[in-house]
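What follows is one structure encoded as structure tokens, with my remarks underneath.
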Amino acid sequence: MIKEIEVKDLLPDEIEKTIKFLESILGIKENEKSTLSKLVNREKKKIYCPFCKSISIVKNGHSKKGVQRYKCKECLHRFCDTTNTLSNNSKLTYKIWLEFFKCMSDKLSIRKTAAKLQLNKNTIFGMRHKVLNALSIFRENRKLSGEIQCDEKYESINLKGTKPQQMPRFSKPRKSQGGSKRGISDHQICIASAIDENDNIYFKIVGNGSITTKMVEKAFDNHLEKNCIMITDCKSSYEKFCTNNRIKLEQVKSGTYKNLNGYNLSEINALHSNLDLFLKSFAGVSTKHLQQYLDWFVYQKYLTYSIEILEQPQVLMNYALSRKSYIKISDIYSMDFPIDIYNIYADYNFSPSPHI
Ligand SMILES: [Zn+2]
């Protein structure tokens, strides 16, 4: 960085000259091939081998495009800063990626982003999903502490983008069930959600239907710091989880604003309303990709809390481009549903048997 003090000593004409010089350099850097790998290098706190995780590495020359190469002294693999990140082998320049992240921050649709960047819709679809996949690490590393408001959010199953041959099929009723319908809420995706006293947010799809103790475990195991307090409504699934894990529980009865000890669920409720608005802006999100959009929502909230709005696309870019992300386009298209929707449909949408 240029020292501020040196710039302050410049005269106006010298500042103008400096600006022109910097602008010309900026134009070059934005389009240079090695810029992305330099960016990833800066964002990664430590350089280690992406194959065996060893930090025993040596610099190993540069590629034709000026990208720094390394060699691992343990497993002898060669790699560069972008290996196993989503900017690896990216034909797109820094400038295009930054424009793309600005479109993401504005929550532009894939179609509008494609038009703005003059790229193919499928390219943008791939970029978006690779970025969202890279954000999952933010959820996986999340630890909640102190007072934690927890609740669930239910979303209807959305089959958008599912190929006809992968659509769940109606099936005949199983004898054991006698054709009886189960609760309607089995058709709802259950998202466990939480926000702690430091505004750390956590959203995870845990199954379908009403939340069970198992689903609470699936959501919060390894995500809670010691001595935290869970604030929930009166569902028994949280009670059991807290008893099993010796966590202090504060329950707030539905219909009341706060309990006798002054605890309430207002922040998590407000977040749920925010999530509704967020998901609405995409005109329906496929259940297949819902967890990725939840990860995006949570990361976007983190940006809103801590980064000035104009700087958000850059921060998102720096974070997403330097995370490990192995996902291939073909994996995105063939992604599994986060819940067993085939089973749900089989149980529910039966054709009445002629014997009944
Ligand atoms: Zn290695």
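As shown in the structure tokens, the chain order sets the letters A, B, ...; within each chain, residues go from 1, and ligands are also counted from 1 in the order they appear.
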*Grab me every residue within 6 Å of ligand 1, counting only C-alpha atoms and all ligand atoms, and send it over as a list in words.*
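The residues within 6 Å of ligand 1, counting only C-alpha atoms and all ligand atoms, are Cys49, Phe51, Cys52, Lys53, Ser54, Cys72, Glu74, Cys75, Leu76 and His77 of chain A.
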*Looking only at the backbone, which of the residues in stretch 119-319 of chain A does DSSP tag as alpha helix (DSSP H), as a ChimeraX atom specification?*
/A:121-140,213-220,236-244,266-280,287-306,312-319
*asked:* Env of A:Asn122: 12 Å cut, atoms = only C-alpha atoms, seq-sep filter 6 positions within chain, self excluded. Answer as a list in words.
replied: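 Result of the neighbour search: Ile110, Arg111, Thr113, Ala114, Ala115, Arg128, His129, Ile329, Ser330, Ile332 and Tyr333 of chain A.
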Could you write out that same residue set with C-alpha atoms as an mmCIF file, in the first residue's frame?
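Saved file out17.cif follows:
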data_model
loop_
_atom_site.group_PDB
_atom_site.id
_atom_site.type_symbol
_atom_site.label_atom_id
_atom_site.label_comp_id
_atom_site.auth_asym_id
_atom_site.auth_seq_id
_atom_site.Cartn_x
_atom_site.Cartn_y
_atom_site.Cartn_z
ATOM 1 C CA ILE A 110 -29.111 -15.730 -13.433
ATOM 2 C CA ARG A 111 -30.670 -14.489 -16.671
ATOM 3 C CA THR A 113 -26.523 -11.478 -14.702
ATOM 4 C CA ALA A 114 -25.812 -13.352 -17.950
ATOM 5 C CA ALA A 115 -27.107 -10.402 -19.976
ATOM 6 C CA ARG A 128 -23.308 -19.019 -8.865
ATOM 7 C CA HIS A 129 -23.537 -22.584 -7.605
ATOM 8 C CA ILE A 329 -20.862 -28.509 -12.992
ATOM 9 C CA SER A 330 -22.128 -32.059 -13.522
ATOM 10 C CA ILE A 332 -24.426 -29.335 -9.418
ATOM 11 C CA TYR A 333 -26.926 -30.547 -12.008
#
_Which residues are near A:Asn208? Cut-off 9 Å, only C-alpha atoms, ignore same chain within fewer than 2 positions. Put them as a list in words._
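Once the adjacent positions are removed, what remains is Tyr154, Ser185, Asp186, His187, Gln188, Ile189, Cys190, Ile191, Ile205, Val206, Ser210, Ile211, Ile339, Asp340, Ile341 and Ile344 of chain A.
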If you keep N, CA and C atoms, can you produce a file of those selected residues as a short mmCIF file (atom, residue, chain, number, x, y, z; two decimals), in the first residue's frame?
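Result file out-v2.cif:
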data_model
loop_
_atom_site.label_atom_id
_atom_site.label_comp_id
_atom_site.auth_asym_id
_atom_site.auth_seq_id
_atom_site.Cartn_x
_atom_site.Cartn_y
_atom_site.Cartn_z
N TYR A 154 -40.16 -23.67 8.20
CA TYR A 154 -40.63 -24.72 7.30
C TYR A 154 -40.84 -24.16 5.90
N SER A 185 -47.59 -31.73 7.60
CA SER A 185 -46.28 -31.11 7.75
C SER A 185 -45.14 -32.00 7.28
N ASP A 186 -45.43 -33.29 7.01
CA ASP A 186 -44.39 -34.14 6.42
C ASP A 186 -43.95 -33.64 5.06
N HIS A 187 -44.79 -32.83 4.44
CA HIS A 187 -44.46 -32.29 3.14
C HIS A 187 -43.68 -30.98 3.23
N GLN A 188 -43.31 -30.63 4.45
CA GLN A 188 -42.57 -29.38 4.65
C GLN A 188 -41.12 -29.71 5.00
N ILE A 189 -40.22 -28.91 4.43
CA ILE A 189 -38.80 -29.07 4.74
C ILE A 189 -38.55 -28.36 6.08
N CYS A 190 -37.87 -29.03 6.97
CA CYS A 190 -37.60 -28.43 8.28
C CYS A 190 -36.18 -27.85 8.30
N ILE A 191 -36.09 -26.56 8.57
CA ILE A 191 -34.79 -25.88 8.64
C ILE A 191 -34.56 -25.47 10.09
N ILE A 205 -30.81 -27.42 6.91
CA ILE A 205 -31.93 -28.33 6.62
C ILE A 205 -31.68 -29.63 7.38
N VAL A 206 -32.68 -30.05 8.16
CA VAL A 206 -32.46 -31.24 8.98
C VAL A 206 -33.45 -32.38 8.66
N SER A 210 -42.26 -32.06 11.45
CA SER A 210 -41.92 -31.41 12.72
C SER A 210 -40.54 -31.82 13.23
N ILE A 211 -39.89 -30.91 13.89
CA ILE A 211 -38.51 -31.17 14.35
C ILE A 211 -38.51 -32.23 15.47
N ILE A 339 -33.25 -34.05 1.56
CA ILE A 339 -34.11 -34.96 2.31
C ILE A 339 -34.59 -36.03 1.33
N ASP A 340 -35.12 -37.12 1.84
CA ASP A 340 -35.56 -38.19 0.97
C ASP A 340 -36.96 -37.90 0.43
N ILE A 341 -37.04 -37.08 -0.60
CA ILE A 341 -38.38 -36.68 -1.06
C ILE A 341 -39.11 -37.83 -1.73
N ILE A 344 -41.10 -39.51 0.88
CA ILE A 344 -42.22 -38.68 1.33
C ILE A 344 -43.37 -38.79 0.35
#
_Backbone DSSP call of strand (DSSP E or B) for stretch 218-329 of chain A, listed as a PyMOL selection string_ = chain A and resi 224+229-232+248-251+258+264+324
*Could you give me, as a list in words, the residues within 12 Å of A:Lys46, counting only C-alpha atoms and dropping anything in the same chain fewer than 6 positions from it?*
Val40, Lys53, Ser54, Ile55, Ser56, Ile57, Asp81 and Ser322 of chain A
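The closest residue to A:Tyr326, picked from A:Leu39, A:Val131, A:Leu275, A:Leu260 and counting only C-alpha atoms, is A:Val131.
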*asked:* When you count only C-alpha atoms, which of these residues is closest to A:Ser334: A:Lys121, A:Lys288, A:Lys218, A:Lys160?
replied: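 Result for the nearest residue to A:Ser334: A:Lys288.
Residues with any atom within 8 Å of A:Glu225, counting only C-alpha atoms and excluding same-chain neighbours fewer than 2 positions away, are Lys143, Leu144, Ser145, Gly146, His223, Asn227 and Cys228 of chain A.
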